[in-house]
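These notes concern the structure reproduced below.
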Amino acid sequence: MIVVTGATGNVGRTLVRTLATAGHAVTAVSRHIQDADVPAGVRAVAADLGEPTGLTDALRGAKALFLLVAGDDPAGVLAQAEAAGVTRVVLVSSQGVGTRPGGAYEHAARFEQAVAASGLGYTILRSGGLDSNAFAWIEPIRAQRIAPAPFAEVGLPFVDPDDVAAVAAAVLTEDGHTGATYVLTGPAPTTPRQRTAAIAEAIGAPVTFVEMSREEAAAQMAQFMPPAVVEGTLTILGEPTAAEQGVSPDVERILGRPAAAFSVWAERNAAAFR
């Protein structure tokens with residue numbers, strides 16, 4: 001049995017489907033999950049990583065765990081996993097843990113440290129920014145055919161969440177990844193202006209990129225992010241390090257194919273923007 005937390009998210013939903021299609025027994029976990037949210041044959045369990053003692057049912061019979069950085073007690077979650085018989089943990093973390101230690105990424109770093117100290121077999125996936133961050137443009141593109149964002153010409157190699165899910169499926173089910181930390185990026189940096197153009201191409205309609213100031217972007221992000229995360233995110237978006245702009249070979253190394261371009265993600269999700 002493989003337990004997937006965050007099972008209704010951009011990575012988790014695809015991961016559940018991928019594992020189930022491959023014939024693996026899967027338990028899908030999210031705070032408000034329902035049976036209708038998962039494929040036939042997948043067990044759905046509503047549970048919260050912020051309350052480790054409530055994970056007993058979700059972890060029943062599990063041998064492997066896909067873990068999000070969520071809640072404040074990673075050691076408690078891992079203790080529950082070990083007690084249930086889990087022997088393998090795959091943590092999806094952030095590239096920022098390696099490129100910008102401390103600050104906005106201290107929370108993710110604590111999860112990495114807890115996983116490494118747990119005594120369980122583990123693999124850490126440090127994801128770069130996800131292509132699905134562009135879903136923030138759904139409303140303005142649908143309503144006004146505009147895509148607002150700061151730092152119009154700063155490129156970052158955002159990664160397709162389906163590629164993150166594919167890598168997670170591989171390391172959850174294959175040997176040879178214990179103790180490894182992989183950095184997951186797309187195949188090339190793209191700028192907000194270029195991502196806008198890719199969405200316009202996918203939906204077959206013009207979309208105008210509108211450059212926001214850093215202050216405007218910060219005010220918008222502060223509506224759903226803590227201040228430290230807002231600052232850390234904007235710094236990466238506007239002043240990325242060479243490592244953050246670099247393309248990691250890990251997706252291709254593990255999957256045996258190149259990482260998908262942003263345009264592939266845009267084509268697959270075009271209906272969301274129409």
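To be explicit about the labels: the chains of the structure tokens are called A, B, and onward in the order shown, and within each one the residues are counted from 1, while ligands get numbers from 1 in the order they are shown.
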Query raised in the report: Could you name the residues that touch Leu156 in chain A at 8 Å or less, counting only C-alpha atoms, but leaving out those on the same chain fewer than 4 positions away, as a PyMOL selection string?
Result: chain A and resi 129+188-191+237+240+244-246
Requested in this report: Find the residues around range 13-23 of chain A up to 8 Å (only C-alpha atoms counted), leave out those fewer than 3 positions away in its own chain, and share them as a PyMOL selection string.
Outcome: chain A and resi 4+6-10+26+28+38-39+41-42+162+165-166+168-169
Under the rule of at most 10 Å, produce a per-residue listing of range 135-169 of chain A near range 180-184 of chain A: chain, number, name, the closest pair of atoms, and the distance in Å, as JSON lines, using only C-alpha atoms.
```
{"residue": "A:Pro157", "atom": "CA", "partner": "A:Leu184", "partner_atom": "CA", "distance": 9.3}
{"residue": "A:Phe158", "atom": "CA", "partner": "A:Leu184", "partner_atom": "CA", "distance": 8.8}
{"residue": "A:Val159", "atom": "CA", "partner": "A:Leu184", "partner_atom": "CA", "distance": 6.8}
{"residue": "A:Asp160", "atom": "CA", "partner": "A:Leu184", "partner_atom": "CA", "distance": 9.3}
{"residue": "A:Pro161", "atom": "CA", "partner": "A:Leu184", "partner_atom": "CA", "distance": 9.8}
{"residue": "A:Asp163", "atom": "CA", "partner": "A:Leu184", "partner_atom": "CA", "distance": 8.3}
{"residue": "A:Val164", "atom": "CA", "partner": "A:Leu184", "partner_atom": "CA", "distance": 6.9}
{"residue": "A:Val167", "atom": "CA", "partner": "A:Leu184", "partner_atom": "CA", "distance": 8.7}
```
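Between Leu59 in chain A and the candidates A:Ala25, A:Ala270, A:Leu130, A:Ala84, the tightest atom-to-atom separation, counting only C-alpha atoms, involves A:Ala84.
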Requested in this report: Extract the full set of strand (DSSP E) residues from range 34-108 of chain A according to DSSP on the backbone, and format it as a list in words.
Outcome: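 Here is the list: Arg43, Ala44, Val45, Ala46, Ala64, Leu65, Phe66, Leu67, Leu68, Arg88, Val89, Val90, Leu91, Val92, Ser93 and Ser94 of chain A.
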Give me a file of those residues, with N, CA, C and O atoms, as a short mmCIF file (atom, residue, chain, number, x, y, z; two decimals), in the first residue's frame.
```cif
data_model
loop_
_atom_site.label_atom_id
_atom_site.label_comp_id
_atom_site.auth_asym_id
_atom_site.auth_seq_id
_atom_site.Cartn_x
_atom_site.Cartn_y
_atom_site.Cartn_z
N ARG A 43 -8.51 4.02 -2.08
CA ARG A 43 -9.15 4.35 -0.80
C ARG A 43 -8.90 5.82 -0.47
O ARG A 43 -7.76 6.29 -0.51
N ALA A 44 -9.95 6.57 -0.21
CA ALA A 44 -9.84 7.98 0.15
C ALA A 44 -10.04 8.13 1.66
O ALA A 44 -11.03 7.64 2.21
N VAL A 45 -9.11 8.82 2.32
CA VAL A 45 -9.20 9.04 3.77
C VAL A 45 -8.97 10.52 4.06
O VAL A 45 -7.93 11.08 3.68
N ALA A 46 -9.92 11.15 4.71
CA ALA A 46 -9.77 12.55 5.10
C ALA A 46 -8.93 12.61 6.38
O ALA A 46 -9.29 12.02 7.40
N ALA A 64 4.77 2.52 1.92
CA ALA A 64 5.45 3.70 1.39
C ALA A 64 4.55 4.91 1.58
O ALA A 64 3.32 4.81 1.57
N LEU A 65 5.17 6.08 1.75
CA LEU A 65 4.45 7.31 2.03
C LEU A 65 4.99 8.44 1.18
O LEU A 65 6.20 8.71 1.17
N PHE A 66 4.10 9.12 0.46
CA PHE A 66 4.43 10.36 -0.24
C PHE A 66 4.00 11.49 0.67
O PHE A 66 2.83 11.64 0.99
N LEU A 67 4.96 12.33 1.08
CA LEU A 67 4.73 13.30 2.14
C LEU A 67 4.91 14.72 1.64
O LEU A 67 5.90 15.05 1.00
N LEU A 68 3.93 15.57 1.97
CA LEU A 68 4.02 17.00 1.71
C LEU A 68 4.67 17.71 2.89
O LEU A 68 4.66 17.21 4.02
N ARG A 88 9.41 3.27 3.47
CA ARG A 88 9.93 4.20 2.46
C ARG A 88 9.11 5.49 2.48
O ARG A 88 7.88 5.45 2.45
N VAL A 89 9.81 6.63 2.53
CA VAL A 89 9.17 7.95 2.52
C VAL A 89 9.76 8.78 1.39
O VAL A 89 10.99 8.85 1.23
N VAL A 90 8.88 9.39 0.60
CA VAL A 90 9.31 10.32 -0.43
C VAL A 90 8.72 11.68 -0.06
O VAL A 90 7.50 11.84 0.02
N LEU A 91 9.59 12.64 0.20
CA LEU A 91 9.18 13.98 0.60
C LEU A 91 9.30 14.94 -0.57
O LEU A 91 10.37 15.03 -1.19
N VAL A 92 8.22 15.65 -0.90
CA VAL A 92 8.33 16.70 -1.91
C VAL A 92 8.57 18.01 -1.17
O VAL A 92 7.74 18.48 -0.40
N SER A 93 9.75 18.56 -1.39
CA SER A 93 10.22 19.74 -0.70
C SER A 93 10.40 20.86 -1.74
O SER A 93 9.73 20.87 -2.77
N SER A 94 11.26 21.80 -1.46
CA SER A 94 11.48 22.95 -2.33
C SER A 94 12.94 23.12 -2.67
O SER A 94 13.82 22.92 -1.83
#
```
Report task. Identify all residues of range 2-190 of chain A in helix (DSSP H, G or I) (DSSP on the backbone) and supply them as number ranges by chain. Result -> A: 12-21, 35-37, 52-59, 74-84, 96-99, 103-117, 131-144, 161-173
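Here the question is which of A:Arg257, A:Arg142, A:Arg100, A:His107 gets nearest to Ile236 in chain A using only C-alpha atoms, and that residue is A:Arg100.
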Requested in this report: Would you mind telling me which residue in A:Ile203, A:Val29, A:Ala116, A:Ala266 lies nearest to Thr178 in chain A when using only C-alpha atoms?
Outcome: A:Ala116
Query raised in the report: Residues at most 9 Å from Asp72 in chain A, counting only C-alpha atoms, excluding those fewer than 4 positions away in the same chain, as a count of residues only?
Result: 6
**Report entry** Polymer residues at most 12 Å from Glu139 in chain A, only C-alpha atoms, same-chain spacing of 5 or more positions, as a PyMOL selection string
**Finding:** chain A and resi 134+144-148+272-274
I need the residues from that last selection saved to file as a PDB file, in the first residue's frame (with all heavy atoms), if you can.
```
ATOM      1  N   ALA A 134       0.701  29.118 -12.858  1.00  0.00           N
ATOM      2  CA  ALA A 134       0.005  29.945 -13.842  1.00  0.00           C
ATOM      3  C   ALA A 134      -1.506  29.890 -13.688  1.00  0.00           C
ATOM      4  O   ALA A 134      -2.228  30.711 -14.283  1.00  0.00           O
ATOM      5  CB  ALA A 134       0.400  29.523 -15.258  1.00  0.00           C
ATOM      6  N   GLN A 144     -10.444  39.238 -18.874  1.00  0.00           N
ATOM      7  CA  GLN A 144      -9.897  40.395 -19.571  1.00  0.00           C
ATOM      8  C   GLN A 144      -8.820  40.049 -20.598  1.00  0.00           C
ATOM      9  O   GLN A 144      -8.304  40.953 -21.263  1.00  0.00           O
ATOM     10  CB  GLN A 144      -9.299  41.371 -18.553  1.00  0.00           C
ATOM     11  CG  GLN A 144     -10.256  41.838 -17.479  1.00  0.00           C
ATOM     12  CD  GLN A 144      -9.556  42.713 -16.456  1.00  0.00           C
ATOM     13  OE1 GLN A 144      -9.045  43.792 -16.775  1.00  0.00           O
ATOM     14  NE2 GLN A 144      -9.499  42.245 -15.211  1.00  0.00           N
ATOM     15  N   ARG A 145      -8.469  38.764 -20.697  1.00  0.00           N
ATOM     16  CA  ARG A 145      -7.388  38.328 -21.581  1.00  0.00           C
ATOM     17  C   ARG A 145      -6.077  39.052 -21.244  1.00  0.00           C
ATOM     18  O   ARG A 145      -5.318  39.463 -22.124  1.00  0.00           O
ATOM     19  CB  ARG A 145      -7.756  38.549 -23.053  1.00  0.00           C
ATOM     20  CG  ARG A 145      -8.851  37.598 -23.561  1.00  0.00           C
ATOM     21  CD  ARG A 145      -8.333  36.165 -23.645  1.00  0.00           C
ATOM     22  NE  ARG A 145      -9.258  35.242 -24.278  1.00  0.00           N
ATOM     23  CZ  ARG A 145      -9.933  34.294 -23.644  1.00  0.00           C
ATOM     24  NH1 ARG A 145      -9.800  34.164 -22.331  1.00  0.00           N
ATOM     25  NH2 ARG A 145     -10.708  33.458 -24.296  1.00  0.00           N
ATOM     26  N   ILE A 146      -5.798  39.173 -19.925  1.00  0.00           N
ATOM     27  CA  ILE A 146      -4.526  39.714 -19.469  1.00  0.00           C
ATOM     28  C   ILE A 146      -3.896  38.742 -18.484  1.00  0.00           C
ATOM     29  O   ILE A 146      -4.590  37.956 -17.829  1.00  0.00           O
ATOM     30  CB  ILE A 146      -4.673  41.099 -18.807  1.00  0.00           C
ATOM     31  CG1 ILE A 146      -5.526  41.009 -17.532  1.00  0.00           C
ATOM     32  CG2 ILE A 146      -5.250  42.121 -19.786  1.00  0.00           C
ATOM     33  CD1 ILE A 146      -5.509  42.292 -16.706  1.00  0.00           C
ATOM     34  N   ALA A 147      -2.561  38.802 -18.382  1.00  0.00           N
ATOM     35  CA  ALA A 147      -1.825  37.971 -17.436  1.00  0.00           C
ATOM     36  C   ALA A 147      -0.885  38.877 -16.651  1.00  0.00           C
ATOM     37  O   ALA A 147       0.164  39.286 -17.166  1.00  0.00           O
ATOM     38  CB  ALA A 147      -1.036  36.894 -18.168  1.00  0.00           C
ATOM     39  N   PRO A 148      -1.241  39.254 -15.427  1.00  0.00           N
ATOM     40  CA  PRO A 148      -0.400  40.157 -14.638  1.00  0.00           C
ATOM     41  C   PRO A 148       0.642  39.414 -13.806  1.00  0.00           C
ATOM     42  O   PRO A 148       0.339  38.410 -13.159  1.00  0.00           O
ATOM     43  CB  PRO A 148      -1.421  40.862 -13.740  1.00  0.00           C
ATOM     44  CG  PRO A 148      -2.521  39.859 -13.570  1.00  0.00           C
ATOM     45  CD  PRO A 148      -2.542  38.995 -14.796  1.00  0.00           C
ATOM     46  N   ALA A 272      -8.880  25.493 -18.913  1.00  0.00           N
ATOM     47  CA  ALA A 272      -9.014  26.271 -17.686  1.00  0.00           C
ATOM     48  C   ALA A 272      -8.969  27.772 -17.963  1.00  0.00           C
ATOM     49  O   ALA A 272      -9.503  28.572 -17.166  1.00  0.00           O
ATOM     50  CB  ALA A 272      -7.911  25.904 -16.698  1.00  0.00           C
ATOM     51  N   PHE A 273      -8.352  28.165 -19.069  1.00  0.00           N
ATOM     52  CA  PHE A 273      -8.144  29.592 -19.341  1.00  0.00           C
ATOM     53  C   PHE A 273      -9.123  30.143 -20.386  1.00  0.00           C
ATOM     54  O   PHE A 273      -9.106  31.338 -20.651  1.00  0.00           O
ATOM     55  CB  PHE A 273      -6.712  29.820 -19.823  1.00  0.00           C
ATOM     56  CG  PHE A 273      -5.670  29.483 -18.810  1.00  0.00           C
ATOM     57  CD1 PHE A 273      -5.066  28.223 -18.810  1.00  0.00           C
ATOM     58  CD2 PHE A 273      -5.289  30.385 -17.825  1.00  0.00           C
ATOM     59  CE1 PHE A 273      -4.097  27.895 -17.866  1.00  0.00           C
ATOM     60  CE2 PHE A 273      -4.341  30.066 -16.889  1.00  0.00           C
ATOM     61  CZ  PHE A 273      -3.742  28.810 -16.904  1.00  0.00           C
ATOM     62  N   ARG A 274      -9.925  29.293 -20.973  1.00  0.00           N
ATOM     63  CA  ARG A 274     -10.819  29.750 -22.039  1.00  0.00           C
ATOM     64  C   ARG A 274     -12.069  30.436 -21.475  1.00  0.00           C
ATOM     65  O   ARG A 274     -12.496  30.175 -20.368  1.00  0.00           O
ATOM     66  CB  ARG A 274     -11.237  28.577 -22.932  1.00  0.00           C
ATOM     67  CG  ARG A 274     -10.092  28.064 -23.780  1.00  0.00           C
ATOM     68  CD  ARG A 274     -10.603  27.183 -24.900  1.00  0.00           C
ATOM     69  NE  ARG A 274      -9.502  26.800 -25.788  1.00  0.00           N
ATOM     70  CZ  ARG A 274      -8.951  25.587 -25.817  1.00  0.00           C
ATOM     71  NH1 ARG A 274      -9.424  24.650 -25.030  1.00  0.00           N
ATOM     72  NH2 ARG A 274      -7.954  25.326 -26.633  1.00  0.00           N
TER      73      ARG A 274
END
```
Query raised in the report: From the list A:Asp131, A:Leu78, A:Thr27, A:Ala58, which residue is nearest Ala40 in chain A when using only C-alpha atoms?
Result: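 Of A:Asp131, A:Leu78, A:Thr27, A:Ala58, the one nearest Ala40 in chain A is A:Thr27, counting only C-alpha atoms.
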Report task. Take CA of Phe135 in chain A and CA of Val97 in chain A and report the distance between them in Å, one decimal. Result ->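 That distance, rounded to one decimal, is 24.1 Å.
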